[in-house]
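*Asks:* Structure file start35.txt, compact mmCIF, N, CA and C atoms and all ligand atoms, is pasted below:
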# COMPACT_ATOMS: atom_id res chain seq x y z
N MET A 260 -67.90 17.08 71.59
CA MET A 260 -67.06 15.88 71.69
C MET A 260 -65.77 16.08 70.89
N ALA A 261 -64.66 15.78 71.51
CA ALA A 261 -63.37 15.95 70.84
C ALA A 261 -63.26 15.00 69.65
N ASP A 262 -62.69 15.51 68.58
CA ASP A 262 -62.54 14.70 67.37
C ASP A 262 -61.19 13.99 67.41
N THR A 263 -61.16 12.87 68.03
CA THR A 263 -59.92 12.10 68.17
C THR A 263 -60.07 10.78 67.42
N PRO A 264 -58.97 10.07 67.17
CA PRO A 264 -59.10 8.76 66.52
C PRO A 264 -60.05 7.84 67.29
N HIS A 265 -60.04 7.97 68.61
CA HIS A 265 -60.92 7.10 69.39
C HIS A 265 -62.39 7.42 69.19
N THR A 266 -62.77 8.73 69.23
CA THR A 266 -64.19 9.06 69.07
C THR A 266 -64.66 8.74 67.65
N ARG A 267 -63.80 8.98 66.65
CA ARG A 267 -64.21 8.66 65.28
C ARG A 267 -64.41 7.15 65.12
N TYR A 268 -63.54 6.40 65.75
CA TYR A 268 -63.65 4.95 65.71
C TYR A 268 -64.94 4.49 66.41
N MET A 269 -65.25 5.09 67.56
CA MET A 269 -66.47 4.70 68.28
C MET A 269 -67.73 5.02 67.47
N ILE A 270 -67.74 6.19 66.80
CA ILE A 270 -68.89 6.57 65.98
C ILE A 270 -69.06 5.59 64.82
N ALA A 271 -67.96 5.29 64.13
CA ALA A 271 -68.04 4.36 63.00
C ALA A 271 -68.47 2.97 63.48
N SER A 272 -67.97 2.59 64.63
CA SER A 272 -68.31 1.29 65.20
C SER A 272 -69.81 1.22 65.53
N ASP A 273 -70.34 2.29 66.14
CA ASP A 273 -71.77 2.34 66.46
C ASP A 273 -72.62 2.26 65.20
N GLN A 274 -72.21 3.02 64.16
CA GLN A 274 -72.98 3.04 62.92
C GLN A 274 -72.98 1.66 62.27
N TRP A 275 -71.81 1.05 62.24
CA TRP A 275 -71.70 -0.26 61.63
C TRP A 275 -72.51 -1.30 62.40
N ARG A 276 -72.39 -1.26 63.73
CA ARG A 276 -73.11 -2.25 64.53
C ARG A 276 -74.61 -2.05 64.45
N ALA A 277 -75.06 -0.77 64.41
CA ALA A 277 -76.50 -0.48 64.31
C ALA A 277 -77.03 -1.02 62.99
N HIS A 278 -76.26 -0.85 61.91
CA HIS A 278 -76.69 -1.37 60.62
C HIS A 278 -76.71 -2.90 60.62
N ARG A 279 -75.66 -3.48 61.11
CA ARG A 279 -75.52 -4.94 61.05
C ARG A 279 -76.64 -5.64 61.82
N LYS A 280 -77.08 -4.99 62.92
CA LYS A 280 -78.13 -5.57 63.76
C LYS A 280 -79.39 -5.86 62.95
N GLY A 281 -79.71 -4.92 62.00
CA GLY A 281 -80.94 -5.08 61.24
C GLY A 281 -80.72 -5.64 59.84
N CYS A 282 -79.54 -6.17 59.57
CA CYS A 282 -79.20 -6.57 58.19
C CYS A 282 -78.62 -7.98 58.18
N PRO A 283 -79.46 -9.00 57.90
CA PRO A 283 -78.96 -10.39 57.91
C PRO A 283 -77.74 -10.63 57.01
N PRO A 284 -77.69 -10.09 55.77
CA PRO A 284 -76.49 -10.34 54.95
C PRO A 284 -75.21 -9.86 55.63
N CYS A 285 -75.27 -8.67 56.23
CA CYS A 285 -74.07 -8.13 56.88
C CYS A 285 -73.67 -8.96 58.10
N ARG A 286 -74.64 -9.56 58.76
CA ARG A 286 -74.31 -10.40 59.92
C ARG A 286 -73.54 -11.65 59.51
N THR A 287 -73.68 -12.05 58.25
CA THR A 287 -72.95 -13.24 57.81
C THR A 287 -71.78 -12.85 56.89
N ASP A 288 -71.32 -11.58 57.02
CA ASP A 288 -70.17 -11.09 56.26
C ASP A 288 -70.41 -10.99 54.76
N GLN A 289 -71.70 -11.02 54.33
CA GLN A 289 -72.04 -10.78 52.93
C GLN A 289 -72.49 -9.33 52.87
N HIS A 290 -71.55 -8.39 52.92
CA HIS A 290 -71.91 -6.99 53.08
C HIS A 290 -72.78 -6.48 51.95
N CYS A 291 -73.91 -5.89 52.32
CA CYS A 291 -74.82 -5.31 51.34
C CYS A 291 -74.26 -3.96 50.88
N PRO A 292 -74.85 -3.34 49.82
CA PRO A 292 -74.31 -2.06 49.32
C PRO A 292 -74.31 -0.96 50.38
N THR A 293 -75.23 -0.99 51.32
CA THR A 293 -75.24 0.01 52.38
C THR A 293 -74.21 -0.32 53.44
N GLY A 294 -74.09 -1.60 53.75
CA GLY A 294 -73.20 -2.02 54.84
C GLY A 294 -71.72 -1.98 54.45
N ALA A 295 -71.40 -2.23 53.19
CA ALA A 295 -70.00 -2.31 52.78
C ALA A 295 -69.20 -1.05 53.10
N PRO A 296 -69.71 0.18 52.74
CA PRO A 296 -68.94 1.37 53.10
C PRO A 296 -68.89 1.60 54.61
N LEU A 297 -69.95 1.24 55.32
CA LEU A 297 -69.93 1.40 56.78
C LEU A 297 -68.87 0.50 57.39
N PHE A 298 -68.81 -0.72 56.88
CA PHE A 298 -67.80 -1.64 57.38
C PHE A 298 -66.40 -1.17 56.98
N GLY A 299 -66.27 -0.66 55.74
CA GLY A 299 -64.97 -0.17 55.28
C GLY A 299 -64.45 0.96 56.15
N GLN A 300 -65.36 1.87 56.49
CA GLN A 300 -64.96 3.01 57.32
C GLN A 300 -64.61 2.55 58.74
N PHE A 301 -65.42 1.63 59.26
CA PHE A 301 -65.15 1.08 60.58
C PHE A 301 -63.77 0.42 60.61
N ALA A 302 -63.48 -0.39 59.60
CA ALA A 302 -62.20 -1.11 59.57
C ALA A 302 -61.03 -0.12 59.47
N ARG A 303 -61.21 0.93 58.65
CA ARG A 303 -60.14 1.92 58.46
C ARG A 303 -59.89 2.71 59.74
N LEU A 304 -60.99 3.14 60.39
CA LEU A 304 -60.83 3.93 61.62
C LEU A 304 -60.32 3.07 62.77
N GLN A 305 -60.70 1.81 62.78
CA GLN A 305 -60.18 0.91 63.81
C GLN A 305 -58.66 0.77 63.63
N ASN A 306 -58.25 0.65 62.38
CA ASN A 306 -56.82 0.53 62.08
C ASN A 306 -56.08 1.81 62.49
N ASP A 307 -56.66 2.98 62.13
CA ASP A 307 -56.06 4.27 62.53
C ASP A 307 -55.92 4.35 64.04
N TYR A 308 -56.97 3.94 64.73
CA TYR A 308 -56.97 4.03 66.19
C TYR A 308 -55.90 3.12 66.78
N LEU A 309 -55.77 1.92 66.26
CA LEU A 309 -54.76 0.99 66.77
C LEU A 309 -53.35 1.51 66.48
N GLN A 310 -53.19 2.11 65.30
CA GLN A 310 -51.89 2.71 64.95
C GLN A 310 -51.56 3.85 65.93
N HIS A 311 -52.59 4.64 66.21
CA HIS A 311 -52.44 5.77 67.12
C HIS A 311 -51.99 5.28 68.50
N LEU A 312 -52.58 4.19 68.98
CA LEU A 312 -52.19 3.65 70.28
C LEU A 312 -50.75 3.17 70.28
N ARG A 313 -50.36 2.56 69.15
CA ARG A 313 -49.01 2.00 69.06
C ARG A 313 -47.94 3.08 69.04
N ARG A 314 -48.32 4.27 68.49
CA ARG A 314 -47.33 5.34 68.39
C ARG A 314 -47.02 6.00 69.71
N ARG A 315 -47.90 5.87 70.70
CA ARG A 315 -47.71 6.57 71.97
C ARG A 315 -46.64 5.94 72.85
ZN ZN B 1 -76.18 -4.51 55.36
When written as structure tokens, how does the structure in this file appear?
Ligand SMILES: [Zn+2]
*Replies:*
Amino acid sequence: MADTPHTRYMIASDQWRAHRKGCPPCRTDQHCPTGAPLFGQFARLQNDYLQHLRRR
């Protein structure tokens, strides 16, 4: 799989969503110690991806 902003964003998104599904605190935006970095990475990669789209 090509390592592009989009694929990295999709991977982070999948990881974050998979965690949130089984984690009630994260579902209510009270990020637990495991969920906080996953959410942080998801938010950062989402931002990178959106920036990447805007530059084209
Ligand atoms: Zn969590």
*Asks:* Please provide the set of residues having any atom within 8 Å of Ala295 (chain A), restricted to only N, CA and C atoms, with same-chain residues fewer than 6 positions apart removed, written as a PyMOL selection string.
*Replies:* chain A and resi 285+289+301
*Asks:* Name the residues, by chain letter and number, that sit within 7 Å of ligand ZN 1 (chain B) using only N, CA and C atoms and all ligand atoms, and give them as a list in words.
*Replies:* His278, Arg279, Gly281, Cys282, Pro283, Pro284, Cys285, Arg286, Gln289, His290, Cys291, Pro292, Thr293, Gly294 and Ala295 of chain A
*Asks:* Keeping only N, CA and C atoms, write the selected residues as an mmCIF file, keeping the file's coordinate frame.
*Replies:*
data_model
loop_
_atom_site.group_PDB
_atom_site.id
_atom_site.type_symbol
_atom_site.label_atom_id
_atom_site.label_comp_id
_atom_site.auth_asym_id
_atom_site.auth_seq_id
_atom_site.Cartn_x
_atom_site.Cartn_y
_atom_site.Cartn_z
ATOM 1 N N HIS A 278 -76.260 -0.850 61.910
ATOM 2 C CA HIS A 278 -76.690 -1.370 60.620
ATOM 3 C C HIS A 278 -76.710 -2.900 60.620
ATOM 4 N N ARG A 279 -75.660 -3.480 61.110
ATOM 5 C CA ARG A 279 -75.520 -4.940 61.050
ATOM 6 C C ARG A 279 -76.640 -5.640 61.820
ATOM 7 N N GLY A 281 -79.710 -4.920 62.000
ATOM 8 C CA GLY A 281 -80.940 -5.080 61.240
ATOM 9 C C GLY A 281 -80.720 -5.640 59.840
ATOM 10 N N CYS A 282 -79.540 -6.170 59.570
ATOM 11 C CA CYS A 282 -79.200 -6.570 58.190
ATOM 12 C C CYS A 282 -78.620 -7.980 58.180
ATOM 13 N N PRO A 283 -79.460 -9.000 57.900
ATOM 14 C CA PRO A 283 -78.960 -10.390 57.910
ATOM 15 C C PRO A 283 -77.740 -10.630 57.010
ATOM 16 N N PRO A 284 -77.690 -10.090 55.770
ATOM 17 C CA PRO A 284 -76.490 -10.340 54.950
ATOM 18 C C PRO A 284 -75.210 -9.860 55.630
ATOM 19 N N CYS A 285 -75.270 -8.670 56.230
ATOM 20 C CA CYS A 285 -74.070 -8.130 56.880
ATOM 21 C C CYS A 285 -73.670 -8.960 58.100
ATOM 22 N N ARG A 286 -74.640 -9.560 58.760
ATOM 23 C CA ARG A 286 -74.310 -10.400 59.920
ATOM 24 C C ARG A 286 -73.540 -11.650 59.510
ATOM 25 N N GLN A 289 -71.700 -11.020 54.330
ATOM 26 C CA GLN A 289 -72.040 -10.780 52.930
ATOM 27 C C GLN A 289 -72.490 -9.330 52.870
ATOM 28 N N HIS A 290 -71.550 -8.390 52.920
ATOM 29 C CA HIS A 290 -71.910 -6.990 53.080
ATOM 30 C C HIS A 290 -72.780 -6.480 51.950
ATOM 31 N N CYS A 291 -73.910 -5.890 52.320
ATOM 32 C CA CYS A 291 -74.820 -5.310 51.340
ATOM 33 C C CYS A 291 -74.260 -3.960 50.880
ATOM 34 N N PRO A 292 -74.850 -3.340 49.820
ATOM 35 C CA PRO A 292 -74.310 -2.060 49.320
ATOM 36 C C PRO A 292 -74.310 -0.960 50.380
ATOM 37 N N THR A 293 -75.230 -0.990 51.320
ATOM 38 C CA THR A 293 -75.240 0.010 52.380
ATOM 39 C C THR A 293 -74.210 -0.320 53.440
ATOM 40 N N GLY A 294 -74.090 -1.600 53.750
ATOM 41 C CA GLY A 294 -73.200 -2.020 54.840
ATOM 42 C C GLY A 294 -71.720 -1.980 54.450
ATOM 43 N N ALA A 295 -71.400 -2.230 53.190
ATOM 44 C CA ALA A 295 -70.000 -2.310 52.780
ATOM 45 C C ALA A 295 -69.200 -1.050 53.100
#
*Asks:* Do a neighbour search on region 263-274 of chain A at 8 Å with all atoms listed in the file, toss out local chain neighbours closer than 4 positions, and write the hits as a list in words.
*Replies:*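 My reading of the contact set: His278, Arg279, Lys280, Leu297, Phe298, Gln300, Phe301, Ala302, Arg303, Leu304, Gln305, Asn306, Asp307, Tyr308, Leu309 and His311 of chain A.
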*Asks:* Would you give me, as an MDAnalysis selection string, the residues in chain A that DSSP reads as helix (DSSP H, G or I)?
*Replies:* chainID A and resid 264:280 283:286 294:314
*Asks:* Figure out the distance between atom C of Pro296 (chain A) and atom N of Trp275 (chain A), please, to one decimal in Å.
*Replies:*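 Straight-line distance from atom N of Trp275 (chain A) to atom C of Pro296 (chain A) works out to 8.2 Å.
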*Asks:* Could you work out how far atom N of Arg276 (chain A) lies from atom C of Gly299 (chain A), giving the answer in Å with one decimal?
*Replies:*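 Answer for the atom C of Gly299 (chain A) to atom N of Arg276 (chain A) separation: 11.2 Å.
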*Asks:* Hey, can you check how far atom C of Asp288 (chain A) sits from CA of Gln310 (chain A)?
*Replies:* 25.2 Å
